[in-house]
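Asker: Below you'll find the structure I mean.
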Protein chains: 2
Amino acid sequence: MARAGLTPERLTRAGAELADEVGFEQVTVSELARRFDVKVASLYSHLRNSQELKTRITLLALEELADRAADALAGRAGKDALIALANVYRDYAREHPGRYAAAQFRLSPKDAAGSAGVRHAQMTRALLRGYDLTEPDQTHAVRLLGSVFHGYVSLEMGGGFSHSAPDTQETWTRILDALDALLHNWPAP
Amino acid sequence: MARAGLTPERLTRAGAELADEVGFEQVTVSELARRFDVKVASLYSHLRNSQELKTRITLLALEELADRAADALAGRAGKDALIALANVYRDYAREHPGRYAAAQFRLSPKDAAGSAGVRHAQMTRALLRGYDLTEPDQTHAVRLLGSVFHGYVSLEMGGGFSHSAPDTQETWTRILDALDALLHNWPAP
DNA sequence: GCGGTTTGCCTAAAGCTATTAGGCAGATGC
DNA sequence: GCATCTGCCTAATAGCTTTAGGCAAACCGC
């Protein structure tokens with residue numbers, strides 16, 4: 001029997017591509033086996049179970065997102081940086097909807113701790129150094145930005161805005177303007 | 001054979017309870033049948049398929065949420081109304097995590113048009129009458145509020161904030177303060 | 001209250017996914 | 001060149017989804 005050269009890494013990458021094509025929820029060990037022209041059981045030498053496959057795809061997506069974010073933030077500050085970071089999430093979700101969905105997958109505390117999720121928080125915090133916020137307000141702002149980015153992108157992807165009128169690009173720009181203004185005028189408690 | 005008295009409505013309600021217990025993703029026609037002490041195939045006289053079950057649970061959740069929102073907004077305006085509406089979403093998600101997840105389920109355009117989703121947008125728009133925004137800015141603000149509410153609640157539920165320090169109630173309050181301030185000072189294009 | 005019809009739940013069966021156990025052959029190491 | 005190891009295989013179990021066809025309880029008109 002010719003060997004297919006399976007590895008956890010190749011399976012994860014193929015799984016991520018599959019997710020982008022059919023949706024993260026539809027990623028299945030069986031379909032993956034079909035793509036490698038291999039029997040399902042063979043994958044179980046490389047993956048503990050389908051949960052592990054999903055976890056690996058999630059970790060991959062978080063890494064890719066963090067890498068893109070780091071790239072986008074390099075050499076930028078203030079509103080420039082804000083816009084760049086926001087667009088990283090939005091663009092990634094558009095280019096890789098399945099991976100983006102994977103990035104929202106709930107990880108075990110252990111996996112989460114070792115994930116690139118930490119880098120994301122750090123980068124958002126770094127971005128906020130361009131604004132004048134006290135330490136606790138920085139945390140609130142990190143959470144606000146995370147909420148807006150994630151909330152907007154997932155509503156837009158989910159078609160939540162597709163019924164109403166003005167195009168979403170205009171809204172996106174204006175929301176980022178508004179956030180920039182807000183961070184400059186953050187209200188005292 | 002004693003009849004179990006199944007109806008689409010009872011199945012939907014039971015499905016919603018099941019979702020809150022085990023998660024929306026884990027809602028299964030088989031488990032529902034078990035709960036009614038009935039064979040799986042019997043449910044197919046009342047539901048076209050498992051997709052329809054999920055759609056019905058989604059529609060139920062959207063209605064419940066809209067009813068709560070309407071209640072909360074009655075007699076309130078301005079920041080008061082903003083806080084009340086925001087808390088409707090957050091509290092609903094805490095009390096009914098499965099139903100809240102269902103409310104995010106992607107509906108067909110046809111189902112979406114007939115859903116309470118429309119009411120949600122209208123209520124957010126009504127709330128914004130307490131602030132002085134031009135017509136197009138109202139739409140942008142509706143989308144911003146939707147993004148923040150949904151984004152915050154889903155990150156909080158997903159444990160996205162559970163690692164960092166200050167408690168989430170404080171952040172939630174401060175974010176609502178910030179949104180109120182922003183709506184009062186919405187930047188011109 | 002009785003016969004006929006409708007309706008509700010049942011059995012049976014096929015197809016898909018996940019997962020485990022055990023086997024054989026190609027790759028690897030001395 | 002031989003022994004070992006590793007990778008993919010076959011086989012089997014179990015759960016979920018969905019369809020087809022059957023029997024009996026409930027309902028309807030008289």
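Chain labels follow the order of the structure tokens: the first chain is A, the next B, and so on; residue numbering restarts at 1 in every chain, and ligands are counted from 1 in their shown order.
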Kindly provide the residues of chain B that approach chain A to within 7 Å, each paired with its closest atom pair and their distance in Å to one decimal, based on only C-alpha atoms, listed by chain and increasing number, as a Markdown table.

Answerer:
```
| residue | atom | partner | partner_atom | distance |
| --- | --- | --- | --- | --- |
| B:Arg106 | CA | A:Gly158 | CA | 6.3 |
| B:His140 | CA | A:Thr171 | CA | 5.1 |
| B:Leu144 | CA | A:Ile175 | CA | 6.6 |
| B:Ser147 | CA | A:Gly151 | CA | 4.1 |
| B:Val148 | CA | A:Val148 | CA | 4.9 |
| B:His150 | CA | A:Gly151 | CA | 5.5 |
| B:Gly151 | CA | A:Gly151 | CA | 3.7 |
| B:Tyr152 | CA | A:Ser147 | CA | 4.6 |
| B:Leu155 | CA | A:Ser147 | CA | 7.0 |
| B:Gly158 | CA | A:Arg106 | CA | 6.3 |
| B:Thr171 | CA | A:His140 | CA | 5.1 |
| B:Ile175 | CA | A:Leu144 | CA | 6.6 |
| B:Ala178 | CA | A:Pro187 | CA | 6.1 |
| B:Ala181 | CA | A:Pro187 | CA | 7.0 |
| B:Leu182 | CA | A:Leu182 | CA | 5.9 |
| B:Trp186 | CA | A:Ala178 | CA | 6.5 |
| B:Pro187 | CA | A:Ala178 | CA | 6.1 |
```

Asker: Please identify all residues of chain B having at least one atom at most 12 Å from any atom of chain C, considering only C-alpha atoms (C1' of nucleotides), and return them as a ChimeraX atom specification.

Answerer: /B:1-7,33,36-46

Asker: Which distance in Å separates atom CA of A:Ala69 and atom CA of A:Thr134, to one decimal?

Answerer: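 So the two atoms, atom CA of A:Ala69 and atom CA of A:Thr134, lie 23.7 Å apart.
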
Asker: Mind listing as a list in words which residues of chain D are within 9 Å of chain B, counting only C-alpha atoms (C1' of nucleotides)?

Answerer: DC16, DT17, DT18, DA24 and DA25 of chain D

Asker: For the selection you just gave me, I'd like the residues written to a file as an mmCIF file, in the first residue's frame, keeping N, CA and C atoms (P, O5', C5', C4', C3', O3' and C1' of nucleotides).

Answerer:
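File written: out-v7.cif
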```
data_model
loop_
_atom_site.group_PDB
_atom_site.id
_atom_site.type_symbol
_atom_site.label_atom_id
_atom_site.label_comp_id
_atom_site.auth_asym_id
_atom_site.auth_seq_id
_atom_site.Cartn_x
_atom_site.Cartn_y
_atom_site.Cartn_z
ATOM 1 P P DC D 16 -27.696 9.524 19.615
ATOM 2 O "O5'" DC D 16 -27.723 10.154 18.157
ATOM 3 C "C5'" DC D 16 -26.787 11.167 17.799
ATOM 4 C "C4'" DC D 16 -27.061 11.590 16.381
ATOM 5 C "C3'" DC D 16 -28.525 11.928 16.125
ATOM 6 O "O3'" DC D 16 -28.656 13.187 15.492
ATOM 7 C "C1'" DC D 16 -27.777 10.320 14.570
ATOM 8 P P DT D 17 -30.078 13.674 14.930
ATOM 9 O "O5'" DT D 17 -30.149 13.057 13.459
ATOM 10 C "C5'" DT D 17 -29.218 13.500 12.487
ATOM 11 C "C4'" DT D 17 -29.698 13.161 11.096
ATOM 12 C "C3'" DT D 17 -31.139 13.581 10.807
ATOM 13 O "O3'" DT D 17 -31.156 14.196 9.527
ATOM 14 C "C1'" DT D 17 -30.869 11.263 10.390
ATOM 15 P P DT D 18 -32.412 15.058 9.036
ATOM 16 O "O5'" DT D 18 -33.193 13.998 8.160
ATOM 17 C "C5'" DT D 18 -32.470 13.338 7.127
ATOM 18 C "C4'" DT D 18 -33.250 12.142 6.645
ATOM 19 C "C3'" DT D 18 -34.754 12.360 6.489
ATOM 20 O "O3'" DT D 18 -35.041 12.391 5.090
ATOM 21 C "C1'" DT D 18 -34.232 10.223 7.374
ATOM 22 P P DA D 24 -53.599 -3.372 15.476
ATOM 23 O "O5'" DA D 24 -53.812 -2.416 16.729
ATOM 24 C "C5'" DA D 24 -52.739 -1.588 17.193
ATOM 25 C "C4'" DA D 24 -53.277 -0.204 17.532
ATOM 26 C "C3'" DA D 24 -54.735 -0.173 17.993
ATOM 27 O "O3'" DA D 24 -54.845 0.834 18.963
ATOM 28 C "C1'" DA D 24 -54.488 1.240 16.178
ATOM 29 P P DA D 25 -55.916 0.667 20.208
ATOM 30 O "O5'" DA D 25 -56.014 2.179 20.731
ATOM 31 C "C5'" DA D 25 -54.831 2.972 20.808
ATOM 32 C "C4'" DA D 25 -55.126 4.383 20.355
ATOM 33 C "C3'" DA D 25 -56.420 4.971 20.919
ATOM 34 O "O3'" DA D 25 -56.134 6.285 21.345
ATOM 35 C "C1'" DA D 25 -56.445 5.105 18.563
#
```

Asker: For B:Ala116, list every protein, DNA or RNA residue within 8 Å, evaluated using only C-alpha atoms (C1' of nucleotides), and leave out those in the same chain fewer than 5 positions away; present the list as a PyMOL selection string.

Answerer: chain B and resi 59+62-63+66

Asker: Atom CA of A:Leu32 and atom CA of A:Glu17 are how many Å apart?

Answerer: 10.1 Å

Asker: Report the residues of stretch 7-148 of chain A whose backbone DSSP state falls under helix (DSSP H, G or I), written as a PyMOL selection string.

Answerer: chain A and resi 8-22+24-26+29-35+40-43+50-73+78-95+97-103+109-113+117-128+135-148

Asker: What is the atom CA of A:Thr12-atom CA of A:Glu52 distance in Å, reported with one decimal?

Answerer: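 Separation between atom CA of A:Thr12 and atom CA of A:Glu52: 9.6 Å.
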
Asker: If we count only C-alpha atoms (C1' of nucleotides), what is near B:Gly98 at a cut-off of 9 Å, once residues fewer than 2 positions away on the same chain are taken out, given as a ChimeraX atom specification?

Answerer: /B:16-25,93,96,100-103
